[in-house]
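What follows is a short report on a single structure.
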Amino acid sequence: MRIRFIRSLLVIGGMLFLSAASFAQVGVSVNIAPPELPVYEQPICPGDGYIWTPGYWAWDGEYYWVPGTWVLAPEVGYLWTPGYWGWGGSGFLFDEGY
């Protein structure tokens, strides 16, 4: 009985620890400004309920282009603020969007 109680506490503690870790974010600070955004034509919307998430410059030791795509909105009426690079005082920081 006592061992079962201890196991239950360990499982609950592990679940709480893992759920708290899921909110962690990794930030990137880069001293080189991203390139200019390329000019491209947005593809036609595939259907109702989709929102356009525009492309952006990502960083992996150097900048590379991640193309935009149409995605289903999580709920009717939601809007998307795309990711962007901004100056953070000591370097350019990327905000993933929301």
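Residue numbering restarts at 1 for every chain of the structure tokens, chains are lettered A, B, ... in their displayed order, and ligands are numbered from 1 as they appear.
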
Residues near Gly88 (chain A), anyone? I mean within 12 Å using only C-alpha atoms, not counting same-chain ones fewer than 4 positions away, as an MDAnalysis selection string.
chainID A and resid 27:31 33 92:95

Closest atom pairs, residues of region 63-96 of chain A within 10 Å of region 40-43 of chain A, only C-alpha atoms, as a Markdown table:
```
| residue | atom | partner | partner_atom | distance |
| --- | --- | --- | --- | --- |
| A:Pro67 | CA | A:Tyr40 | CA | 9.9 |
| A:Gly68 | CA | A:Gln42 | CA | 8.2 |
| A:Thr69 | CA | A:Pro43 | CA | 8.4 |
| A:Trp70 | CA | A:Pro43 | CA | 8.5 |
```

Those residues you just picked out, can you put them in a file as an mmCIF file, in the first residue's frame with C-alpha atoms?
```cif
data_model
loop_
_atom_site.group_PDB
_atom_site.id
_atom_site.type_symbol
_atom_site.label_atom_id
_atom_site.label_comp_id
_atom_site.auth_asym_id
_atom_site.auth_seq_id
_atom_site.Cartn_x
_atom_site.Cartn_y
_atom_site.Cartn_z
ATOM 1 C CA PRO A 67 7.822 29.981 -47.065
ATOM 2 C CA GLY A 68 4.322 31.058 -46.085
ATOM 3 C CA THR A 69 1.401 28.658 -46.095
ATOM 4 C CA TRP A 70 -2.361 28.469 -45.678
#
```

Q. Could you state the separation of CA of Tyr56 (chain A) and CA of Gly83 (chain A) in Å, given to one decimal place?
A.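 It comes out at 7.0 Å.
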
Exercise: Glu62 (chain A) partners within 10 Å, only C-alpha atoms, chain neighbours under 4 positions left out, as a list in words: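 The residues satisfying every condition are Val30, Ile32, Pro34, Trp57 and Ala58 of chain A.
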
Take the residues from that selection and write them out as a compact mmCIF listing (two decimals), in the first residue's frame, keeping all heavy atoms.
```txt
# COMPACT_ATOMS: atom_id res chain seq x y z
N VAL A 30 20.54 37.51 -32.60
CA VAL A 30 21.47 37.55 -33.73
C VAL A 30 21.93 38.98 -33.93
O VAL A 30 21.13 39.91 -33.87
CB VAL A 30 20.76 37.04 -35.01
CG1 VAL A 30 21.70 37.04 -36.18
CG2 VAL A 30 20.16 35.66 -34.80
N ILE A 32 23.28 40.15 -36.72
CA ILE A 32 23.16 40.50 -38.14
C ILE A 32 21.68 40.64 -38.49
O ILE A 32 20.89 39.75 -38.20
CB ILE A 32 23.79 39.41 -39.03
CG1 ILE A 32 25.23 39.16 -38.62
CG2 ILE A 32 23.69 39.78 -40.50
CD1 ILE A 32 25.80 37.89 -39.20
N PRO A 34 18.21 40.51 -40.49
CA PRO A 34 17.74 39.58 -41.52
C PRO A 34 17.67 40.27 -42.87
O PRO A 34 17.56 41.50 -42.95
CB PRO A 34 16.34 39.18 -41.03
CG PRO A 34 15.92 40.29 -40.13
CD PRO A 34 17.17 40.84 -39.53
N TRP A 57 12.16 34.86 -42.28
CA TRP A 57 13.56 34.44 -42.22
C TRP A 57 13.81 33.76 -40.88
O TRP A 57 13.56 34.33 -39.84
CB TRP A 57 14.50 35.63 -42.36
CG TRP A 57 14.51 36.21 -43.74
CD1 TRP A 57 13.95 37.39 -44.14
CD2 TRP A 57 15.11 35.63 -44.90
NE1 TRP A 57 14.15 37.57 -45.48
CE2 TRP A 57 14.87 36.51 -45.98
CE3 TRP A 57 15.81 34.46 -45.14
CZ2 TRP A 57 15.31 36.25 -47.27
CZ3 TRP A 57 16.26 34.20 -46.43
CH2 TRP A 57 16.00 35.09 -47.47
N ALA A 58 14.29 32.53 -40.90
CA ALA A 58 14.65 31.79 -39.69
C ALA A 58 16.18 31.77 -39.58
O ALA A 58 16.88 32.07 -40.56
CB ALA A 58 14.09 30.38 -39.73
```

| request: Give the answer as one residue: which of A:Tyr64, A:Pro74, A:Pro54, A:Ile44 has the shortest atom-to-atom distance to Gly97 (chain A), using only C-alpha atoms? | output: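 Ranked by minimum distance to Gly97 (chain A), first place goes to A:Pro54.
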
So how many Å separate CA of Ile51 (chain A) and CA of Tyr98 (chain A), to one decimal?
->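 Distance reported for this atom pair: 12.7 Å.
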
**OP:** Might you pull out every residue within 12 Å of Val76 (chain A), with only C-alpha atoms counted and same-chain residues fewer than 6 positions away left off, and present them as a list in words?
**Re:** Asp48, Gly49, Tyr50 and Ile51 of chain A
